[in-house]
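Worksheet: the structure to be examined is printed underneath.
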Amino acid sequence: MSTTTLEKPADAPAPAAKPVRQGRRPGERGPLGTVLLHAGLVIASLVALAPVAWLVYLSLGPDKNDYLHPGGIAGKISFSNYSFVLQHTEFFDWFKSTMIVALGTTVVGVLLAATTGYAVSRMRFPGHKQLMWVLLLTQAFPIAVLIVPMYQIFSDLGLIDSYWALILVNCTTAVPYSAWLLKGYFDTIPIEIDEAGRVDGLTPFGTFFRLILPLARPGLAVAAFYNFITAVAEVAFATTFMLDDSKYTFSVGLQTFVSEHDAEWNYMAATAVLIAIPVSLFFYLVQKNLVTGLTSGGTKG
């Protein structure tokens, strides 16, 4: 009897693995896109910084007509303009007045905007939607129309030549936008936090101040910065309502360097650079929360 031996075939070679295509993920920029993006950011930065650098450069020219021949400033750079402004003008009175008005506007404006935005975000009272649109409508009136009746009102109240007049006027400008901003930010905070506060026995005000405001810190930082900048840069009302030169703000003090027949641009440039210092310091204090606050308020959920 014969036997047949079946030979086991050799293992067939495994098929070669197909190379994985190293493609870009959706939304990923290529090298060219990255270069163009960075180039655009550099150009935008230069455009933003050029006026500031030019102002600083002009402030170093000792003569008031150096702006007509800026090339000659490099050979005679001097800090005499700064020493003149600090020693021979009312700069520190302007600084005091500006800080009182700006910080007062920031505190009062943010408080009003936060309570308004929170009420509209959480409460459903008659006219809550129309309230926000009415706030925006107040921004449609030009200053030229408002300045005369507001002067009459503040005059009757005895607030002319007082800091409260400017604080209240600046709030009428800053609060509507800040209320919209904070309302959008409060919408992103879960309502369950309010319910948990009520369960723990907190009043609505306790819930707002102890739970909601700490979570809304980025939005509050943006509103505070906007209120501060609005108060520092306001000119028309400050010029009209402030009669005592010791109560001038920076924006009004700058105008003292310009007369009907002359303009001391070197002193004005130096003062403008000095004005930027407190604004930059305030920005530094709130900048950690600015980006978060600007982006979070634009989406809900």
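Ordered as shown in the structure tokens, chains take letters A, B, and onward, while each chain numbers its residues from 1 and ligands are numbered from 1 in the order shown.
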Determine, for each residue of stretch 203-285 of chain A having at least one atom at most 10 Å from an atom of stretch 176-191 of chain A, the closest pair of atoms and their separation in Å to one decimal, counting only C-alpha atoms; order by chain and ascending number, as JSON lines.
{"residue": "A:Ile212", "atom": "CA", "partner": "A:Ile189", "partner_atom": "CA", "distance": 7.8}
{"residue": "A:Leu213", "atom": "CA", "partner": "A:Phe186", "partner_atom": "CA", "distance": 9.1}
{"residue": "A:Leu215", "atom": "CA", "partner": "A:Ile189", "partner_atom": "CA", "distance": 7.7}
{"residue": "A:Ala216", "atom": "CA", "partner": "A:Phe186", "partner_atom": "CA", "distance": 7.0}
{"residue": "A:Arg217", "atom": "CA", "partner": "A:Tyr185", "partner_atom": "CA", "distance": 9.8}
{"residue": "A:Pro218", "atom": "CA", "partner": "A:Tyr185", "partner_atom": "CA", "distance": 8.8}
{"residue": "A:Gly219", "atom": "CA", "partner": "A:Leu182", "partner_atom": "CA", "distance": 6.0}
{"residue": "A:Leu220", "atom": "CA", "partner": "A:Leu182", "partner_atom": "CA", "distance": 7.2}
{"residue": "A:Val222", "atom": "CA", "partner": "A:Ser178", "partner_atom": "CA", "distance": 8.3}
{"residue": "A:Ala223", "atom": "CA", "partner": "A:Ser178", "partner_atom": "CA", "distance": 5.3}
{"residue": "A:Ala224", "atom": "CA", "partner": "A:Ser178", "partner_atom": "CA", "distance": 8.4}
{"residue": "A:Tyr226", "atom": "CA", "partner": "A:Ser178", "partner_atom": "CA", "distance": 7.7}
{"residue": "A:Asn227", "atom": "CA", "partner": "A:Ser178", "partner_atom": "CA", "distance": 7.9}
Quiz item: Quick one: residues within 12 Å of A:Cys171, only C-alpha atoms counted, chain neighbours fewer than 2 positions away excluded, as a PyMOL selection string?
Solution: chain A and resi 101-113+135+138-139+164-169+173-179+223-224+226-231+234
Quiz item: Taking only C-alpha atoms into account, which of A:Tyr82, A:Phe250, A:Tyr118, A:Phe141 comes nearest A:Asp194?
Solution: A:Tyr118
Self-check item: All residues 9 Å or closer to A:Ala238, only C-alpha atoms, same chain fewer than 3 positions away omitted, as a list in words
Solution: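 Residues near the query, excluding close chain neighbours: Ala165, Leu166, Glu234, Val235, Phe241, Met242, Tyr248, Thr249, Ser251 and Val252 of chain A.
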Using only all heavy atoms, please write the residues we just selected to a file, as a PDB file, in the first residue's frame.
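Writing done, so here's selection_35.pdb:
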ATOM      1  N   ALA A 165     -20.901 114.881  36.277  1.00  0.00           N
ATOM      2  CA  ALA A 165     -21.515 115.170  34.978  1.00  0.00           C
ATOM      3  C   ALA A 165     -20.864 114.329  33.886  1.00  0.00           C
ATOM      4  O   ALA A 165     -21.552 113.695  33.071  1.00  0.00           O
ATOM      5  CB  ALA A 165     -21.392 116.660  34.661  1.00  0.00           C
ATOM      6  N   LEU A 166     -19.535 114.299  33.862  1.00  0.00           N
ATOM      7  CA  LEU A 166     -18.843 113.520  32.834  1.00  0.00           C
ATOM      8  C   LEU A 166     -19.032 112.031  33.041  1.00  0.00           C
ATOM      9  O   LEU A 166     -19.152 111.260  32.071  1.00  0.00           O
ATOM     10  CB  LEU A 166     -17.349 113.866  32.845  1.00  0.00           C
ATOM     11  CG  LEU A 166     -16.960 115.239  32.311  1.00  0.00           C
ATOM     12  CD1 LEU A 166     -15.443 115.377  32.271  1.00  0.00           C
ATOM     13  CD2 LEU A 166     -17.546 115.480  30.934  1.00  0.00           C
ATOM     14  N   GLU A 234     -13.123 110.812  25.456  1.00  0.00           N
ATOM     15  CA  GLU A 234     -14.256 111.705  25.227  1.00  0.00           C
ATOM     16  C   GLU A 234     -13.801 113.171  25.248  1.00  0.00           C
ATOM     17  O   GLU A 234     -13.050 113.585  26.131  1.00  0.00           O
ATOM     18  CB  GLU A 234     -15.324 111.466  26.301  1.00  0.00           C
ATOM     19  CG  GLU A 234     -16.708 111.936  25.915  1.00  0.00           C
ATOM     20  CD  GLU A 234     -16.856 113.431  26.017  1.00  0.00           C
ATOM     21  OE1 GLU A 234     -16.362 114.026  26.989  1.00  0.00           O
ATOM     22  OE2 GLU A 234     -17.475 114.018  25.109  1.00  0.00           O
ATOM     23  N   VAL A 235     -14.262 113.950  24.276  1.00  0.00           N
ATOM     24  CA  VAL A 235     -13.804 115.328  24.125  1.00  0.00           C
ATOM     25  C   VAL A 235     -14.941 116.334  24.246  1.00  0.00           C
ATOM     26  O   VAL A 235     -14.856 117.301  25.022  1.00  0.00           O
ATOM     27  CB  VAL A 235     -13.092 115.526  22.768  1.00  0.00           C
ATOM     28  CG1 VAL A 235     -12.660 116.977  22.597  1.00  0.00           C
ATOM     29  CG2 VAL A 235     -11.904 114.599  22.647  1.00  0.00           C
ATOM     30  N   PHE A 241     -18.643 120.793  29.639  1.00  0.00           N
ATOM     31  CA  PHE A 241     -19.095 120.738  31.035  1.00  0.00           C
ATOM     32  C   PHE A 241     -18.026 121.153  32.038  1.00  0.00           C
ATOM     33  O   PHE A 241     -18.356 121.482  33.171  1.00  0.00           O
ATOM     34  CB  PHE A 241     -19.585 119.334  31.372  1.00  0.00           C
ATOM     35  CG  PHE A 241     -20.803 118.908  30.609  1.00  0.00           C
ATOM     36  CD1 PHE A 241     -21.135 117.580  30.493  1.00  0.00           C
ATOM     37  CD2 PHE A 241     -21.629 119.852  30.006  1.00  0.00           C
ATOM     38  CE1 PHE A 241     -22.260 117.190  29.789  1.00  0.00           C
ATOM     39  CE2 PHE A 241     -22.750 119.469  29.302  1.00  0.00           C
ATOM     40  CZ  PHE A 241     -23.076 118.134  29.191  1.00  0.00           C
ATOM     41  N   MET A 242     -16.749 121.105  31.655  1.00  0.00           N
ATOM     42  CA  MET A 242     -15.676 121.448  32.579  1.00  0.00           C
ATOM     43  C   MET A 242     -15.205 122.873  32.322  1.00  0.00           C
ATOM     44  O   MET A 242     -14.654 123.170  31.257  1.00  0.00           O
ATOM     45  CB  MET A 242     -14.512 120.458  32.437  1.00  0.00           C
ATOM     46  CG  MET A 242     -14.816 119.087  33.010  1.00  0.00           C
ATOM     47  SD  MET A 242     -15.287 119.182  34.736  1.00  0.00           S
ATOM     48  CE  MET A 242     -15.459 117.456  35.135  1.00  0.00           C
ATOM     49  N   TYR A 248      -9.705 119.918  33.971  1.00  0.00           N
ATOM     50  CA  TYR A 248      -9.630 119.427  32.598  1.00  0.00           C
ATOM     51  C   TYR A 248      -9.147 117.978  32.585  1.00  0.00           C
ATOM     52  O   TYR A 248      -8.277 117.588  33.360  1.00  0.00           O
ATOM     53  CB  TYR A 248      -8.660 120.277  31.774  1.00  0.00           C
ATOM     54  CG  TYR A 248      -9.189 121.619  31.355  1.00  0.00           C
ATOM     55  CD1 TYR A 248      -8.353 122.544  30.737  1.00  0.00           C
ATOM     56  CD2 TYR A 248     -10.505 121.979  31.573  1.00  0.00           C
ATOM     57  CE1 TYR A 248      -8.819 123.785  30.347  1.00  0.00           C
ATOM     58  CE2 TYR A 248     -10.983 123.226  31.187  1.00  0.00           C
ATOM     59  CZ  TYR A 248     -10.131 124.125  30.581  1.00  0.00           C
ATOM     60  OH  TYR A 248     -10.590 125.357  30.200  1.00  0.00           O
ATOM     61  N   THR A 249      -9.699 117.215  31.674  1.00  0.00           N
ATOM     62  CA  THR A 249      -9.185 115.870  31.424  1.00  0.00           C
ATOM     63  C   THR A 249      -8.092 115.950  30.358  1.00  0.00           C
ATOM     64  O   THR A 249      -7.827 117.016  29.797  1.00  0.00           O
ATOM     65  CB  THR A 249     -10.311 114.944  30.963  1.00  0.00           C
ATOM     66  OG1 THR A 249     -10.896 115.476  29.766  1.00  0.00           O
ATOM     67  CG2 THR A 249     -11.383 114.814  32.040  1.00  0.00           C
ATOM     68  N   SER A 251      -8.050 114.895  27.313  1.00  0.00           N
ATOM     69  CA  SER A 251      -8.529 115.281  25.983  1.00  0.00           C
ATOM     70  C   SER A 251      -8.727 116.785  25.868  1.00  0.00           C
ATOM     71  O   SER A 251      -8.527 117.370  24.808  1.00  0.00           O
ATOM     72  CB  SER A 251      -9.838 114.552  25.677  1.00  0.00           C
ATOM     73  OG  SER A 251     -10.814 114.836  26.667  1.00  0.00           O
ATOM     74  N   VAL A 252      -9.123 117.428  26.962  1.00  0.00           N
ATOM     75  CA  VAL A 252      -9.287 118.886  26.950  1.00  0.00           C
ATOM     76  C   VAL A 252      -7.931 119.563  27.121  1.00  0.00           C
ATOM     77  O   VAL A 252      -7.654 120.593  26.488  1.00  0.00           O
ATOM     78  CB  VAL A 252     -10.251 119.323  28.066  1.00  0.00           C
ATOM     79  CG1 VAL A 252     -10.470 120.838  28.018  1.00  0.00           C
ATOM     80  CG2 VAL A 252     -11.580 118.600  27.936  1.00  0.00           C
TER      81      VAL A 252
END
Exercise. Go through A:Val56, A:Gly72, A:Lys247, A:Phe237 and flag the residue nearest A:Ile147, using only C-alpha atoms for the distances.
Key: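 Under the stated criterion, the closest residue is A:Phe237.
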Exercise. Could you give me, as a PyMOL selection string, each residue of stretch 126-273 of chain A that DSSP assigns to alpha helix (DSSP H) when run on this structure's backbone?
Key: chain A and resi 128-137+143-157+163-187+192-199+204-207+213-215+217-233+236-241+250-253+265-273
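The shortest atom-to-atom distance to A:Glu192, with only C-alpha atoms taken into account, belongs to A:Thr207 out of A:Thr207, A:Thr116, A:Ser97, A:Gln87.
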Self-check item: Neighbour list for A:Phe205 as a list in words, cut-off 12 Å, only C-alpha atoms, skip fewer than 3 positions in-chain
Solution: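 Residues meeting the cut-off are Ala114, Thr115, Tyr118, Ala119, Asp194, Gly197, Arg198, Gly201, Leu202, Phe208, Phe209, Arg210, Leu211, Ile212 and Leu213 of chain A.
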Print the selection's residues with all heavy atoms to a file, as a compact mmCIF listing (two decimals), in the first residue's frame.
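Resulting contents of selection_37.txt:
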# COMPACT_ATOMS: atom_id res chain seq x y z
N ALA A 114 -23.76 95.27 33.76
CA ALA A 114 -23.82 93.89 34.24
C ALA A 114 -25.21 93.56 34.77
O ALA A 114 -25.76 92.48 34.46
CB ALA A 114 -22.77 93.67 35.33
N THR A 115 -25.79 94.44 35.57
CA THR A 115 -27.13 94.16 36.09
C THR A 115 -28.16 94.15 34.97
O THR A 115 -29.08 93.31 34.96
CB THR A 115 -27.51 95.21 37.15
OG1 THR A 115 -27.31 96.53 36.62
CG2 THR A 115 -26.65 95.06 38.39
N TYR A 118 -27.59 90.91 32.85
CA TYR A 118 -28.01 89.71 33.60
C TYR A 118 -29.53 89.62 33.67
O TYR A 118 -30.10 88.53 33.52
CB TYR A 118 -27.41 89.75 34.99
CG TYR A 118 -27.80 88.58 35.86
CD1 TYR A 118 -27.26 87.31 35.64
CD2 TYR A 118 -28.72 88.74 36.89
CE1 TYR A 118 -27.62 86.23 36.43
CE2 TYR A 118 -29.09 87.66 37.68
CZ TYR A 118 -28.52 86.41 37.45
OH TYR A 118 -28.90 85.34 38.23
N ALA A 119 -30.19 90.76 33.90
CA ALA A 119 -31.65 90.74 33.98
C ALA A 119 -32.28 90.29 32.67
O ALA A 119 -33.21 89.47 32.65
CB ALA A 119 -32.17 92.13 34.37
N ASP A 194 -27.55 79.31 38.61
CA ASP A 194 -28.52 80.15 39.32
C ASP A 194 -29.44 79.28 40.18
O ASP A 194 -29.74 79.63 41.33
CB ASP A 194 -29.35 80.95 38.32
CG ASP A 194 -28.51 81.82 37.42
OD1 ASP A 194 -27.73 81.28 36.61
OD2 ASP A 194 -28.61 83.05 37.52
N GLY A 197 -27.73 78.14 43.26
CA GLY A 197 -27.64 79.22 44.23
C GLY A 197 -28.93 79.39 45.01
O GLY A 197 -28.91 79.60 46.24
N ARG A 198 -30.07 79.27 44.31
CA ARG A 198 -31.35 79.39 45.01
C ARG A 198 -31.58 78.22 45.95
O ARG A 198 -32.13 78.38 47.04
CB ARG A 198 -32.49 79.48 43.99
CG ARG A 198 -32.52 80.83 43.26
CD ARG A 198 -33.83 81.02 42.53
NE ARG A 198 -33.96 80.08 41.41
CZ ARG A 198 -33.58 80.34 40.18
NH1 ARG A 198 -33.01 81.51 39.90
NH2 ARG A 198 -33.74 79.45 39.22
N GLY A 201 -30.01 78.74 49.18
CA GLY A 201 -30.57 79.81 49.98
C GLY A 201 -30.10 81.20 49.61
O GLY A 201 -30.35 82.15 50.36
N LEU A 202 -29.44 81.37 48.47
CA LEU A 202 -28.99 82.69 48.07
C LEU A 202 -30.14 83.48 47.46
O LEU A 202 -31.00 82.93 46.77
CB LEU A 202 -27.85 82.59 47.06
CG LEU A 202 -26.52 82.02 47.56
CD1 LEU A 202 -25.53 81.90 46.41
CD2 LEU A 202 -25.94 82.91 48.66
N PHE A 208 -26.17 86.56 41.91
CA PHE A 208 -25.52 87.37 40.89
C PHE A 208 -24.10 87.76 41.31
O PHE A 208 -23.14 87.60 40.54
CB PHE A 208 -26.36 88.63 40.64
CG PHE A 208 -25.74 89.62 39.71
CD1 PHE A 208 -25.52 89.31 38.38
CD2 PHE A 208 -25.36 90.88 40.17
CE1 PHE A 208 -24.95 90.23 37.51
CE2 PHE A 208 -24.78 91.80 39.31
CZ PHE A 208 -24.58 91.47 37.99
N PHE A 209 -23.95 88.27 42.53
CA PHE A 209 -22.66 88.78 42.96
C PHE A 209 -21.69 87.67 43.37
O PHE A 209 -20.48 87.79 43.14
CB PHE A 209 -22.84 89.76 44.13
CG PHE A 209 -23.35 91.10 43.71
CD1 PHE A 209 -24.68 91.45 43.96
CD2 PHE A 209 -22.54 92.01 43.06
CE1 PHE A 209 -25.17 92.69 43.57
CE2 PHE A 209 -23.02 93.25 42.67
CZ PHE A 209 -24.34 93.59 42.92
N ARG A 210 -22.17 86.58 43.94
CA ARG A 210 -21.28 85.55 44.49
C ARG A 210 -21.00 84.42 43.51
O ARG A 210 -19.96 83.76 43.61
CB ARG A 210 -21.85 84.99 45.79
CG ARG A 210 -21.99 86.03 46.88
CD ARG A 210 -22.58 85.45 48.15
NE ARG A 210 -21.73 84.41 48.71
CZ ARG A 210 -22.01 83.74 49.83
NH1 ARG A 210 -23.12 84.00 50.49
NH2 ARG A 210 -21.19 82.80 50.26
N LEU A 211 -21.91 84.18 42.57
CA LEU A 211 -21.72 83.05 41.65
C LEU A 211 -21.49 83.50 40.21
O LEU A 211 -20.58 83.00 39.54
CB LEU A 211 -22.94 82.12 41.72
CG LEU A 211 -23.24 81.47 43.06
CD1 LEU A 211 -24.47 80.57 42.95
CD2 LEU A 211 -22.05 80.68 43.57
N ILE A 212 -22.33 84.40 39.72
CA ILE A 212 -22.30 84.74 38.30
C ILE A 212 -21.14 85.67 37.97
O ILE A 212 -20.40 85.44 37.00
CB ILE A 212 -23.64 85.36 37.87
CG1 ILE A 212 -24.79 84.39 38.16
CG2 ILE A 212 -23.60 85.70 36.38
CD1 ILE A 212 -24.66 83.05 37.47
N LEU A 213 -20.97 86.74 38.73
CA LEU A 213 -19.92 87.70 38.41
C LEU A 213 -18.52 87.08 38.39
O LEU A 213 -17.72 87.40 37.48
CB LEU A 213 -19.96 88.88 39.38
CG LEU A 213 -21.10 89.89 39.18
CD1 LEU A 213 -20.92 91.08 40.10
CD2 LEU A 213 -21.18 90.35 37.73
Quiz prompt | From A:Pro51, A:Pro278, A:Tyr57, A:Ile193, residue lying nearest A:Pro214 [only C-alpha atoms] | solution =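 Among A:Pro51, A:Pro278, A:Tyr57, A:Ile193, it is A:Ile193 that comes nearest to A:Pro214.
With only C-alpha atoms taken into account, the protein and nucleic acid residues at most 12 Å from A:Leu55 (excluding it and anything under 6 positions from it in its own chain) are A:Leu49, A:Gly61, A:Tyr67, A:Pro70, A:Trp265, A:Asn266, A:Tyr267, A:Met268, A:Ala269, A:Ala270, A:Thr271, A:Ala272, A:Val273, A:Leu274, A:Ala276.
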Restricting the output to N, CA and C atoms, write the selected residues as an mmCIF file, in the first residue's frame.
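Final output, result_34.cif:
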data_model
loop_
_atom_site.group_PDB
_atom_site.id
_atom_site.type_symbol
_atom_site.label_atom_id
_atom_site.label_comp_id
_atom_site.auth_asym_id
_atom_site.auth_seq_id
_atom_site.Cartn_x
_atom_site.Cartn_y
_atom_site.Cartn_z
ATOM 1 N N LEU A 49 1.302 99.916 14.399
ATOM 2 C CA LEU A 49 2.357 100.507 15.224
ATOM 3 C C LEU A 49 2.978 101.747 14.602
ATOM 4 N N GLY A 61 11.477 115.734 19.091
ATOM 5 C CA GLY A 61 11.986 116.934 18.427
ATOM 6 C C GLY A 61 11.791 118.153 19.313
ATOM 7 N N TYR A 67 8.021 118.892 13.042
ATOM 8 C CA TYR A 67 7.174 117.968 12.282
ATOM 9 C C TYR A 67 7.208 118.288 10.792
ATOM 10 N N PRO A 70 10.922 116.267 9.605
ATOM 11 C CA PRO A 70 11.164 115.176 10.561
ATOM 12 C C PRO A 70 12.538 114.534 10.422
ATOM 13 N N TRP A 265 3.062 121.546 18.416
ATOM 14 C CA TRP A 265 2.889 120.127 18.132
ATOM 15 C C TRP A 265 3.872 119.264 18.910
ATOM 16 N N ASN A 266 5.036 119.790 19.238
ATOM 17 C CA ASN A 266 5.996 118.976 19.981
ATOM 18 C C ASN A 266 5.489 118.681 21.392
ATOM 19 N N TYR A 267 4.910 119.680 22.046
ATOM 20 C CA TYR A 267 4.360 119.453 23.381
ATOM 21 C C TYR A 267 3.118 118.563 23.316
ATOM 22 N N MET A 268 2.336 118.738 22.276
ATOM 23 C CA MET A 268 1.151 117.898 22.124
ATOM 24 C C MET A 268 1.530 116.439 21.920
ATOM 25 N N ALA A 269 2.568 116.199 21.116
ATOM 26 C CA ALA A 269 3.014 114.820 20.890
ATOM 27 C C ALA A 269 3.543 114.202 22.179
ATOM 28 N N ALA A 270 4.321 114.959 22.941
ATOM 29 C CA ALA A 270 4.849 114.431 24.200
ATOM 30 C C ALA A 270 3.725 114.133 25.180
ATOM 31 N N THR A 271 2.730 115.000 25.248
ATOM 32 C CA THR A 271 1.591 114.765 26.140
ATOM 33 C C THR A 271 0.813 113.533 25.712
ATOM 34 N N ALA A 272 0.633 113.356 24.420
ATOM 35 C CA ALA A 272 -0.086 112.183 23.923
ATOM 36 C C ALA A 272 0.632 110.886 24.299
ATOM 37 N N VAL A 273 1.950 110.898 24.229
ATOM 38 C CA VAL A 273 2.710 109.700 24.629
ATOM 39 C C VAL A 273 2.535 109.426 26.121
ATOM 40 N N LEU A 274 2.562 110.488 26.928
ATOM 41 C CA LEU A 274 2.368 110.315 28.371
ATOM 42 C C LEU A 274 0.955 109.825 28.694
ATOM 43 N N ALA A 276 -0.756 107.846 26.915
ATOM 44 C CA ALA A 276 -0.853 106.428 26.560
ATOM 45 C C ALA A 276 -0.353 105.511 27.671
#
Within 10 Å of A:Ile143, counting only C-alpha atoms, which residues qualify if same-chain residues fewer than 5 places away don't, as a tab-separated table (two decimals) with all heavy atoms, in the first residue's frame?
chain	number	residue	atom	x	y	z
A	148	VAL	N	-26.76	120.33	24.04
A	148	VAL	CA	-27.47	121.49	24.59
A	148	VAL	C	-28.49	121.08	25.65
A	148	VAL	O	-28.49	121.62	26.77
A	148	VAL	CB	-28.12	122.32	23.47
A	148	VAL	CG1	-28.99	123.43	24.07
A	148	VAL	CG2	-27.06	122.90	22.56
A	150	MET	N	-28.59	118.35	27.42
A	150	MET	CA	-27.90	117.76	28.55
A	150	MET	C	-27.20	118.82	29.38
A	150	MET	O	-27.15	118.72	30.62
A	150	MET	CB	-26.90	116.71	28.06
A	150	MET	CG	-27.56	115.50	27.42
A	150	MET	SD	-26.44	114.14	27.08
A	150	MET	CE	-26.20	113.47	28.71
A	236	ALA	N	-16.03	116.13	23.51
A	236	ALA	CA	-17.06	117.17	23.36
A	236	ALA	C	-17.69	117.54	24.71
A	236	ALA	O	-17.77	118.73	25.06
A	236	ALA	CB	-18.13	116.69	22.39
A	237	PHE	N	-18.15	116.55	25.45
A	237	PHE	CA	-18.81	116.84	26.72
A	237	PHE	C	-17.81	117.37	27.75
A	237	PHE	O	-18.14	118.26	28.55
A	237	PHE	CB	-19.49	115.59	27.26
A	237	PHE	CG	-20.71	115.18	26.47
A	237	PHE	CD1	-20.71	114.01	25.74
A	237	PHE	CD2	-21.84	115.98	26.45
A	237	PHE	CE1	-21.83	113.62	25.02
A	237	PHE	CE2	-22.96	115.61	25.73
A	237	PHE	CZ	-22.96	114.43	25.00
Self-check item: atom CA of A:Asp200 to atom CA of A:Arg122, distance in Å rounded to a single decimal
Solution: 18.3 Å
